[in-house]
4 protein chains.
Amino acid sequence: MGGFFGVVSKYDALSDVFFGVDYHSHLGTRRGGLAAYDASGKGLQREIHNIENSPFRTKFENIFNEMKGNAVIGAISDSDPQPLLIRGGFGPYAIASVGLIQNEQELIDEYLLRFGGHFNAMTGGKVNSTELVASLINEKDNIKDGIAFAQEKIKGTMSILVLGGNGKLYAARDKLGRLPMLIGRNEDGFCVSFESFAYKKLGYEDYKELGPGEIVELTADRMKVLKKPGNEMRICAFLWSYYGYPNSNYEGVNVEEMRYKNGEIMARDDMERGIVERLDAVCGVPDSGTPHAIGYSNESHLPFTRPFIKYTPTWPRSFMPANQSERNKVARMKQIPVPELIEGKSLMFVDDSIVRGTQLKETVDFLYENGAREVHMRSACPPIMYGCKYLNFSSSKNEMELLARRIIVELEGQAGLEHIDEYSDSKTERGQKLRKTICEKFNFDSLEFQSLEGVLEAIGIDPCKLCTYCWTGKE
Amino acid sequence: MGGFFGVVSKYDALSDVFFGVDYHSHLGTRRGGLAAYDASGKGLQREIHNIENSPFRTKFENIFNEMKGNAVIGAISDSDPQPLLIRGGFGPYAIASVGLIQNEQELIDEYLLRFGGHFNAMTGGKVNSTELVASLINEKDNIKDGIAFAQEKIKGTMSILVLGGNGKLYAARDKLGRLPMLIGRNEDGFCVSFESFAYKKLGYEDYKELGPGEIVELTADRMKVLKKPGNEMRICAFLWSYYGYPNSNYEGVNVEEMRYKNGEIMARDDMERGIVERLDAVCGVPDSGTPHAIGYSNESHLPFTRPFIKYTPTWPRSFMPANQSERNKVARMKQIPVPELIEGKSLMFVDDSIVRGTQLKETVDFLYENGAREVHMRSACPPIMYGCKYLNFSSSKNEMELLARRIIVELEGQAGLEHIDEYSDSKTERGQKLRKTICEKFNFDSLEFQSLEGVLEAIGIDPCKLCTYCWTGKE
Amino acid sequence: MGGFFGVVSKYDALSDVFFGVDYHSHLGTRRGGLAAYDASGKGLQREIHNIENSPFRTKFENIFNEMKGNAVIGAISDSDPQPLLIRGGFGPYAIASVGLIQNEQELIDEYLLRFGGHFNAMTGGKVNSTELVASLINEKDNIKDGIAFAQEKIKGTMSILVLGGNGKLYAARDKLGRLPMLIGRNEDGFCVSFESFAYKKLGYEDYKELGPGEIVELTADRMKVLKKPGNEMRICAFLWSYYGYPNSNYEGVNVEEMRYKNGEIMARDDMERGIVERLDAVCGVPDSGTPHAIGYSNESHLPFTRPFIKYTPTWPRSFMPANQSERNKVARMKQIPVPELIEGKSLMFVDDSIVRGTQLKETVDFLYENGAREVHMRSACPPIMYGCKYLNFSSSKNEMELLARRIIVELEGQAGLEHIDEYSDSKTERGQKLRKTICEKFNFDSLEFQSLEGVLEAIGIDPCKLCTYCWTGKE
Amino acid sequence: MGGFFGVVSKYDALSDVFFGVDYHSHLGTRRGGLAAYDASGKGLQREIHNIENSPFRTKFENIFNEMKGNAVIGAISDSDPQPLLIRGGFGPYAIASVGLIQNEQELIDEYLLRFGGHFNAMTGGKVNSTELVASLINEKDNIKDGIAFAQEKIKGTMSILVLGGNGKLYAARDKLGRLPMLIGRNEDGFCVSFESFAYKKLGYEDYKELGPGEIVELTADRMKVLKKPGNEMRICAFLWSYYGYPNSNYEGVNVEEMRYKNGEIMARDDMERGIVERLDAVCGVPDSGTPHAIGYSNESHLPFTRPFIKYTPTWPRSFMPANQSERNKVARMKQIPVPELIEGKSLMFVDDSIVRGTQLKETVDFLYENGAREVHMRSACPPIMYGCKYLNFSSSKNEMELLARRIIVELEGQAGLEHIDEYSDSKTERGQKLRKTICEKFNFDSLEFQSLEGVLEAIGIDPCKLCTYCWTGKE
């Protein structure tokens, strides 16, 4: 994953983009970069840093002495260095992109065969995805046609932000709007952002959320639509369930609010099941389970407590001892329990989702060791049954790593996979079997998943516009 | 303020102390240090780093190549570099201390006059408090008598941790036990800590909380009491209200639990006042108001929401731009609102305390700008009426900076200060006047402070053992 | 300018290339990089660092944890980051290059027009020269043909070092052998280097100096000539006069020895002129004038002294204060005089060359202020009359910055430039005029330039093989 | 060893001291520090850095934002951190010192016993020598008496520089003037320095070289002598032979000039011996043998050549690989040979001195491997027979590490040590034996040491004023 932020303004835009990109730090941990266009002097400038060991702001704190410009873009990335400066047939430009190219290898081969051109490669020989996008853009005569062509050719999801050699910004949301892309405005110009809170915090107001596949051109004075949005949308429902930032809105729906509502719905269902009375407290698996648990508490009046608290005063990414036993120690050391909130209690735990289930066992064992009487578990979304092929957020190499799939195969072999719909649904026998088996494996007193209907209700937009592939397998 | 952690063990203790000190990072931001005693080789070793721009762990990550020892101590500090290595009449030792010496100048003058000795000074000429403590210890023939003598001479609060040239640890809690000091134990030895969660997380078990003025000597095999605890105790009540870490227990009382209970009491009082019905949600001023607000919600069934969320993925201490307008921008940028949770809502805000009130106005104005219908404010403790002279946690140079005092003087001049007790108490006319005046000044729809009785009930230990000086002026 | 070093070996070659590239640090100050091919695992790897503020070794000291391989190349550069990893039609490879492409713009335009391909650009939009070379290589079906094609298309000077995706090295000296390129050999494999001393120091022996335009392929076991050398050579004579490293040999001629001989010839000429008797000492303008001055002393028996000594214990590139008056102070502070060796003395100063003459005036004034009786100046090469268009070592934007040209125009206007040959030659009237005018301008007691014949004699190889364009204008 | 520099001025003195201390970088490699007195604000300020891995200038480049003052002192040190800020009976001051305290342990014990005071210790428990000096100063009522008392009590050598809390400088040269201490003056004030070139380069003029044991007080306006110099002087003769900087003058004698003269005398002696004719060149063991070799060449007309050249473009202190075999490689990699200047040549090598002889063997073997015909060796001073007890510059733990002593004991056992005078003198039989034995051991074709008379002649001041203890054993 990754994020981006760009501004075109009457004045120097570097400070806004510096902070705006920094507000996307939750979306990537490996590379950060900035590119600026300085009409009065240096033209296009660029700087990229490795942010694995210190945060974006620290790595770029000298940037104000080195770069300036009325138009600036930046990106945070989990993989490829960007933005890139590209020099193609219609002049130089800077480009950043976020997404996933399914047909990467085909596009590379096609390019190399057809043109005899070349790519810069990274360690291991991988081609930078953003350079691949640029190679497609360059096949056309201008940026607009190039972006449109690139999105046509790319299978997958690709949001593109271009800073032209003319000082204009070009923003293109991915074809089916799986990821968000918003335009903000202030007195002096426009900005483009993945997260809405980033620009609001910087004093910009909501101007427009781009539609699926929409392409716009931005100058300090106006936004011009270069390509109208498509009719179909498939925005990722998991943005709300898990990886969107709480302060952001996507398609007008705030993330934090959705999570409260989602928790309320789970509570409502549990109250119907008559399970709430026997519990002492509801707790979130920190941090992403917390808002779902708050909603659960607000609806059920079951007290909300925090039996695990992260130790945040020291920054978690700074220290990675070479020694493996020290590393394991570090990993466990972030979460600190409050034994008084565990001992003798019947606790309802809410997690954002259950993907591979790798850490669940350790958590539950720890709770019982600390004297918990009962441990109930809720997933804030339906069972993950399919690996994401549009964004790869689950980073699964193999669908068989998914806990729910593994259980199904355990229960009735590969044949069971033909009944995934039933297994998802707690109202079927197979659904009950799945839940019961996991309970036994992990020693839960009860386990439930938010229903598909529950998630859709909590999000509240037209379900046709949502991608729920990882839960339903439906495209 | 500051914190410390020490271990004496059969094996190398550096890793435990490295992580144990790191868990005290919330107590100090300027200097961190470690000292070790290596019986087999280098003897006493020491390293101190400036931690203003990067956290303790980062600054000490190479320490494992440089230092080792079966007995190790470390400290985090807001002021003086420590631990120090001291060479006095009875040989070298390492020393760390936490507290406040009221009669610092007298002790320095006395030492310099009596002995013709000297201190190393810091920039500006200030003497390191820990060196001053050491100078007192050295007046006696051995560490035990020295520590006892130092605590006798020092007016104020002084917890002392010494690593002797013999490889033993000496731990001394301050005379009236204003600050905590706990001993933990594992199979291989003992540890000393300010925060109890620090050693539990590292696999030590509670062994003993030192009593007021108690002094103990620790080797890997046993703890020996060198000086019995005194009868009187005055542990700081504010540890629970504000600056203790949620996971810690002091005098057996967990901080997080106390805060929930404290919030519950405030809710109970508000329910009696009939104010809860008109509200939409209760919220904590992040982060320290949050657990009080959770308790309030749990008791009142008023929904708990988070209209402000900190942006934590990038570390807040790393970047301080030279430019002042950039600095102001940074300060505001940490707290990010969720407008959907503010607009049109009647909100109850709970803060840990109201000291100078400097940021309250800005927060309330922001809420109204974002469309809040009503803003009610609760302080989780009584009005701060006296500057702390035992620990100086409020860092007030001048008692007239305290909001409550300022209001009193505003209302009836210096004479009003003779009625502080009444002003504190919401049940008196003066108490009502104080609250009403603040409400008008800050545009609150209502304001209340937790009552003294409420705080004492929430803590739950014998009130005689608590210092409530900042609220009551009683020693 | 820049330098490179590469090794292909039976064993890990990283350490040798790390040190070998470091030995080219005198040839570039801006970027350093390494690329390795690891047959057993990661394939092609690459790392590039900015070396403007700390030396190559410091920036790459962690490389041993990150990279390994039996075939490794590295480069130091004054301009473009390299080596690059390139993915083209015949698979990935790493490439480094040193030289100057005169027809850069044409080649870029041609590529972009013909193919619709693209380049990655650097700040300001400039295309990386090494990527441009790679784009030419990729037009052919294999590395050998590609390199040959690139050298055919490039006007200028281009030495190329390629590390193939097959783990083989490809080394190609520039068409006319203007720059050196040598192959060394040890028991385990081969190396390629710009400077001969670099590999000798690492235990390799001279194996072969590539001829002009020669291309070879290297594996650990054997060297295979892919393209035979051309007949014509134009190696840069200035390598010996100025920028080659004293320990290196080019075309079999050692640099330090050439400089002694060059100084001896100048002394011989001065002895004939009867000027030596009136002098007290001969001195080099540090550091590059020193060996010429040693040769002068050895021949003339005029004592050699060091009236200026550089302060080397602190590293010269580390500190650049923002404040301009501090910067000027720094610049002057490197050279420290020994007043006792100046006062009352008649001194002969030898500099490697006189290009723009910008610092000469200041030096001479300083000597007179310190009581020098006479100051005589010798340039170790003929007057620089033409800007270098093959290597651009003089970094002159404009030939009119050249001191000799400026004097000529001053003396008789643009028309004078038709008599450059005469001005060069001290035996003509115009030659005498030029020297006399400079003497007056700079307050020298005498000035002479090494004659063209003198330089050629000192180098000692066939003059047809040498480029003397900057002195004679002859290609 | 170590060095210092201080300024008191009408204007801010930080920049001058920053550069002045940096010019003492050749005298110490471990700690650097600065202390300033700012009359208008912060009073005494101090900053100390570890300079083991990067040079003084780099470590202090931010100092201009942090410190200022009209009076500033600084120090470079091979051992203890300094300057220290000390707070004693008569107020705070900053102090730096250079020298060796022979009776360190006695002074520490006496202080701790008499006063019950304390020292801050360093890792391992060692007391900082400068703090020990301060503890002595503090026994008196004022700085002047304190410094005089300290120098009376200290056995050994101790130069002291104090920056008073009143903004005045106090400079005290060691009792017997073993080390230099000079006062410079410019329009705005005074400076104190170890090396004379440091202040000349900064625009100060020679004002006065302090006499042995002299103490002066400096303000911007005047120098006041607090204690007159003693009659006896024993300045270290080795300053000229080896560790003084070439540009400096001590007692009016320039170092570089002395070395030329010293080399001339050696040449004169060799010419009498008739050895010069058979030689091809004379060479210095870099860098400190070089000026002696230049003098030798100037006198004998034997060509001076440089068969070893250091690779200086990359800084030698930056890289210390953990791996031992890599470390050895690094050590050897600094010196690079010019084989053409070695092969087939008869070479005279001049080294500054022969102490332990540890690297000589390796050098000679290398020369023979590279084809040298003959290798002759000259030491620019007499045989080192006694370990230095005044300055410890030879860092010898044990006199038996001295090569000459080892040979003597080898030749005739401990009894031989009674004939050290004879062994030193080449005109005796024992002297010849010593030289012949070393020649055989190291494979020299001839070996000679500069005679004591030769060194004294080259220095040229009254021999009674020189310490020649390491050569003669005479105090």
# chains A, B, ... in the order shown; residues from 1 in each chain; ligands from 1

call {"tool": "select_by_dssp", "arguments": {"residues": "segment 213-248 of chain A", "states": "strand (DSSP E)", "output": "MDAnalysis selection string"}}
result
chainID A and resid 215:218 223:227 235:236

call {"tool": "closest_atom_pairs", "arguments": {"of": "chain D", "to": "chain B", "cutoff": "10 Å", "atoms": "only C-alpha atoms", "output": "JSON lines"}}
result
{"residue": "D:Ala35", "atom": "CA", "partner": "B:Thr123", "partner_atom": "CA", "distance": 8.8}
{"residue": "D:Ala36", "atom": "CA", "partner": "B:Thr123", "partner_atom": "CA", "distance": 9.3}
{"residue": "D:Tyr37", "atom": "CA", "partner": "B:Gly124", "partner_atom": "CA", "distance": 9.3}
{"residue": "D:Asp38", "atom": "CA", "partner": "B:Gly124", "partner_atom": "CA", "distance": 9.6}
{"residue": "D:Gly41", "atom": "CA", "partner": "B:Gly124", "partner_atom": "CA", "distance": 9.1}
{"residue": "D:Lys42", "atom": "CA", "partner": "B:Gly124", "partner_atom": "CA", "distance": 5.6}
{"residue": "D:Gly43", "atom": "CA", "partner": "B:Gly124", "partner_atom": "CA", "distance": 5.4}
{"residue": "D:Leu44", "atom": "CA", "partner": "B:Gly124", "partner_atom": "CA", "distance": 5.1}
{"residue": "D:Gln45", "atom": "CA", "partner": "B:Thr123", "partner_atom": "CA", "distance": 4.1}
{"residue": "D:Arg46", "atom": "CA", "partner": "B:Thr123", "partner_atom": "CA", "distance": 5.5}
{"residue": "D:Glu47", "atom": "CA", "partner": "B:Thr123", "partner_atom": "CA", "distance": 8.2}
{"residue": "D:Met67", "atom": "CA", "partner": "B:Thr123", "partner_atom": "CA", "distance": 9.9}
{"residue": "D:Leu84", "atom": "CA", "partner": "B:Asn120", "partner_atom": "CA", "distance": 6.9}
{"residue": "D:Leu85", "atom": "CA", "partner": "B:Ala121", "partner_atom": "CA", "distance": 5.0}
{"residue": "D:Ile86", "atom": "CA", "partner": "B:Asn120", "partner_atom": "CA", "distance": 4.6}
{"residue": "D:Arg87", "atom": "CA", "partner": "B:Phe119", "partner_atom": "CA", "distance": 5.0}
{"residue": "D:Gly88", "atom": "CA", "partner": "B:His118", "partner_atom": "CA", "distance": 4.3}
{"residue": "D:Gly89", "atom": "CA", "partner": "B:Leu112", "partner_atom": "CA", "distance": 5.1}
{"residue": "D:Phe90", "atom": "CA", "partner": "B:Leu112", "partner_atom": "CA", "distance": 8.8}
{"residue": "D:Gly91", "atom": "CA", "partner": "B:Gly125", "partner_atom": "CA", "distance": 8.9}
{"residue": "D:Pro92", "atom": "CA", "partner": "B:Gly125", "partner_atom": "CA", "distance": 6.3}
{"residue": "D:Tyr93", "atom": "CA", "partner": "B:Gly125", "partner_atom": "CA", "distance": 8.3}
{"residue": "D:Ala94", "atom": "CA", "partner": "B:Ala121", "partner_atom": "CA", "distance": 9.1}
{"residue": "D:Ile108", "atom": "CA", "partner": "B:Arg87", "partner_atom": "CA", "distance": 9.4}
{"residue": "D:Asp109", "atom": "CA", "partner": "B:Gly89", "partner_atom": "CA", "distance": 8.1}
{"residue": "D:Glu110", "atom": "CA", "partner": "B:Gly89", "partner_atom": "CA", "distance": 9.9}
{"residue": "D:Tyr111", "atom": "CA", "partner": "B:Gly117", "partner_atom": "CA", "distance": 8.6}
{"residue": "D:Leu112", "atom": "CA", "partner": "B:Gly89", "partner_atom": "CA", "distance": 5.1}
{"residue": "D:Leu113", "atom": "CA", "partner": "B:Gly89", "partner_atom": "CA", "distance": 6.3}
{"residue": "D:Arg114", "atom": "CA", "partner": "B:Phe115", "partner_atom": "CA", "distance": 8.7}
{"residue": "D:Phe115", "atom": "CA", "partner": "B:Phe115", "partner_atom": "CA", "distance": 5.4}
{"residue": "D:Gly116", "atom": "CA", "partner": "B:Glu139", "partner_atom": "CA", "distance": 5.6}
{"residue": "D:Gly117", "atom": "CA", "partner": "B:Gly117", "partner_atom": "CA", "distance": 5.6}
{"residue": "D:His118", "atom": "CA", "partner": "B:Gly88", "partner_atom": "CA", "distance": 4.3}
{"residue": "D:Phe119", "atom": "CA", "partner": "B:Arg87", "partner_atom": "CA", "distance": 5.0}
{"residue": "D:Asn120", "atom": "CA", "partner": "B:Ile86", "partner_atom": "CA", "distance": 4.6}
{"residue": "D:Ala121", "atom": "CA", "partner": "B:Leu85", "partner_atom": "CA", "distance": 5.0}
{"residue": "D:Met122", "atom": "CA", "partner": "B:Leu85", "partner_atom": "CA", "distance": 6.5}
{"residue": "D:Thr123", "atom": "CA", "partner": "B:Gln45", "partner_atom": "CA", "distance": 4.2}
{"residue": "D:Gly124", "atom": "CA", "partner": "B:Leu44", "partner_atom": "CA", "distance": 5.1}
{"residue": "D:Gly125", "atom": "CA", "partner": "B:Leu44", "partner_atom": "CA", "distance": 6.2}
{"residue": "D:Lys126", "atom": "CA", "partner": "B:Arg87", "partner_atom": "CA", "distance": 8.5}
{"residue": "D:Val127", "atom": "CA", "partner": "B:Arg87", "partner_atom": "CA", "distance": 7.5}
{"residue": "D:Glu131", "atom": "CA", "partner": "B:Asn120", "partner_atom": "CA", "distance": 8.1}
{"residue": "D:Ala134", "atom": "CA", "partner": "B:His118", "partner_atom": "CA", "distance": 8.0}
{"residue": "D:Ser135", "atom": "CA", "partner": "B:His118", "partner_atom": "CA", "distance": 6.5}
{"residue": "D:Leu136", "atom": "CA", "partner": "B:Gly117", "partner_atom": "CA", "distance": 9.0}
{"residue": "D:Ile137", "atom": "CA", "partner": "B:Gly116", "partner_atom": "CA", "distance": 9.8}
{"residue": "D:Asn138", "atom": "CA", "partner": "B:Gly116", "partner_atom": "CA", "distance": 6.2}
{"residue": "D:Glu139", "atom": "CA", "partner": "B:Gly116", "partner_atom": "CA", "distance": 5.7}
{"residue": "D:Lys140", "atom": "CA", "partner": "B:Gly116", "partner_atom": "CA", "distance": 8.1}
{"residue": "D:Asp141", "atom": "CA", "partner": "B:Gly116", "partner_atom": "CA", "distance": 9.2}
{"residue": "D:Gly165", "atom": "CA", "partner": "B:Gly125", "partner_atom": "CA", "distance": 9.0}

call {"tool": "write_last_selection", "arguments": {"atoms": "C-alpha atoms", "output": "compact mmCIF listing (two decimals), in the first residue's frame"}}
result
# COMPACT_ATOMS: atom_id res chain seq x y z
CA ALA D 35 33.34 26.50 27.21
CA ALA D 36 32.16 30.09 26.88
CA TYR D 37 31.35 32.93 29.20
CA ASP D 38 28.45 35.09 28.07
CA GLY D 41 23.11 36.09 29.49
CA LYS D 42 23.75 32.44 30.05
CA GLY D 43 26.95 32.79 32.07
CA LEU D 44 29.21 29.77 31.71
CA GLN D 45 28.25 27.27 29.01
CA ARG D 46 29.94 24.06 27.98
CA GLU D 47 29.79 21.33 25.37
CA MET D 67 26.81 29.14 22.59
CA LEU D 84 34.99 21.06 32.83
CA LEU D 85 32.71 23.54 34.54
CA ILE D 86 33.59 23.53 38.22
CA ARG D 87 31.72 25.05 41.10
CA GLY D 88 33.96 25.52 44.12
CA GLY D 89 34.28 27.88 47.05
CA PHE D 90 34.97 30.97 45.00
CA GLY D 91 32.35 30.46 42.34
CA PRO D 92 32.08 28.63 39.04
CA TYR D 93 34.76 28.48 36.37
CA ALA D 94 35.73 26.44 33.32
CA ILE D 108 43.29 11.77 44.91
CA ASP D 109 43.74 9.87 48.16
CA GLU D 110 44.81 12.99 50.00
CA TYR D 111 41.80 14.93 48.76
CA LEU D 112 39.30 12.22 49.59
CA LEU D 113 40.78 11.63 53.03
CA ARG D 114 41.24 15.21 54.03
CA PHE D 115 37.91 16.58 52.89
CA GLY D 116 35.41 13.82 52.53
CA GLY D 117 34.77 15.31 49.12
CA HIS D 118 34.22 13.43 45.90
CA PHE D 119 35.18 13.22 42.27
CA ASN D 120 33.08 12.39 39.28
CA ALA D 121 34.62 9.31 37.78
CA MET D 122 34.82 7.95 34.26
CA THR D 123 34.15 4.42 33.06
CA GLY D 124 36.52 2.16 34.99
CA GLY D 125 36.55 4.55 37.94
CA LYS D 126 39.39 6.80 36.75
CA VAL D 127 39.24 10.41 37.97
CA GLU D 131 38.89 17.65 37.79
CA ALA D 134 40.45 21.79 39.86
CA SER D 135 40.20 20.12 43.25
CA LEU D 136 43.64 21.49 44.06
CA ILE D 137 42.80 24.96 42.77
CA ASN D 138 39.72 25.01 45.00
CA GLU D 139 41.80 24.59 48.12
CA LYS D 140 42.79 28.22 47.86
CA ASP D 141 40.68 31.38 48.02
CA GLY D 165 33.12 33.14 36.24

call {"tool": "residues_around", "arguments": {"residues": "Asp365 of chain D", "least_positions_apart": "2", "cutoff": "12 Å", "atoms": "only C-alpha atoms", "output": "PyMOL selection string"}}
result
chain D and resi 359-363+367-375+441-444

call {"tool": "select_by_dssp", "arguments": {"residues": "segment 114-339 of chain C", "states": "helix (DSSP H, G or I)", "output": "ChimeraX atom specification"}}
result
/C:114-115,129-137,143-153,196-201,238-243,255-273,276-278,290-300,324-333,339

call {"tool": "closest_residue", "arguments": {"among": "B:Val253, B:Leu302, B:Ile63, B:Val7", "to": "Leu169 of chain B", "atoms": "only C-alpha atoms"}}
result
B:Val7

call {"tool": "residues_around", "arguments": {"residues": "Lys153 of chain A", "least_positions_apart": "4", "cutoff": "10 Å", "atoms": "only C-alpha atoms", "output": "ChimeraX atom specification"}}
result
/A:101,103,107,133,136,147-149

call {"tool": "write_last_selection", "arguments": {"atoms": "C-alpha atoms", "output": "compact mmCIF listing (two decimals), in the first residue's frame"}}
result
# COMPACT_ATOMS: atom_id res chain seq x y z
CA ILE A 101 -0.72 -4.03 -11.31
CA ASN A 103 -0.45 -7.82 -15.36
CA LEU A 107 3.28 -4.99 -19.56
CA VAL A 133 3.02 3.34 -15.24
CA LEU A 136 2.58 3.49 -20.51
CA ILE A 147 -2.86 8.46 -18.07
CA ALA A 148 -6.08 7.29 -19.70
CA PHE A 149 -4.12 4.77 -21.77

call {"tool": "atom_distance", "arguments": {"atom1": "atom CA of Gly295 of chain C", "atom2": "atom CA of Met271 of chain C"}}
result
13.4 Å
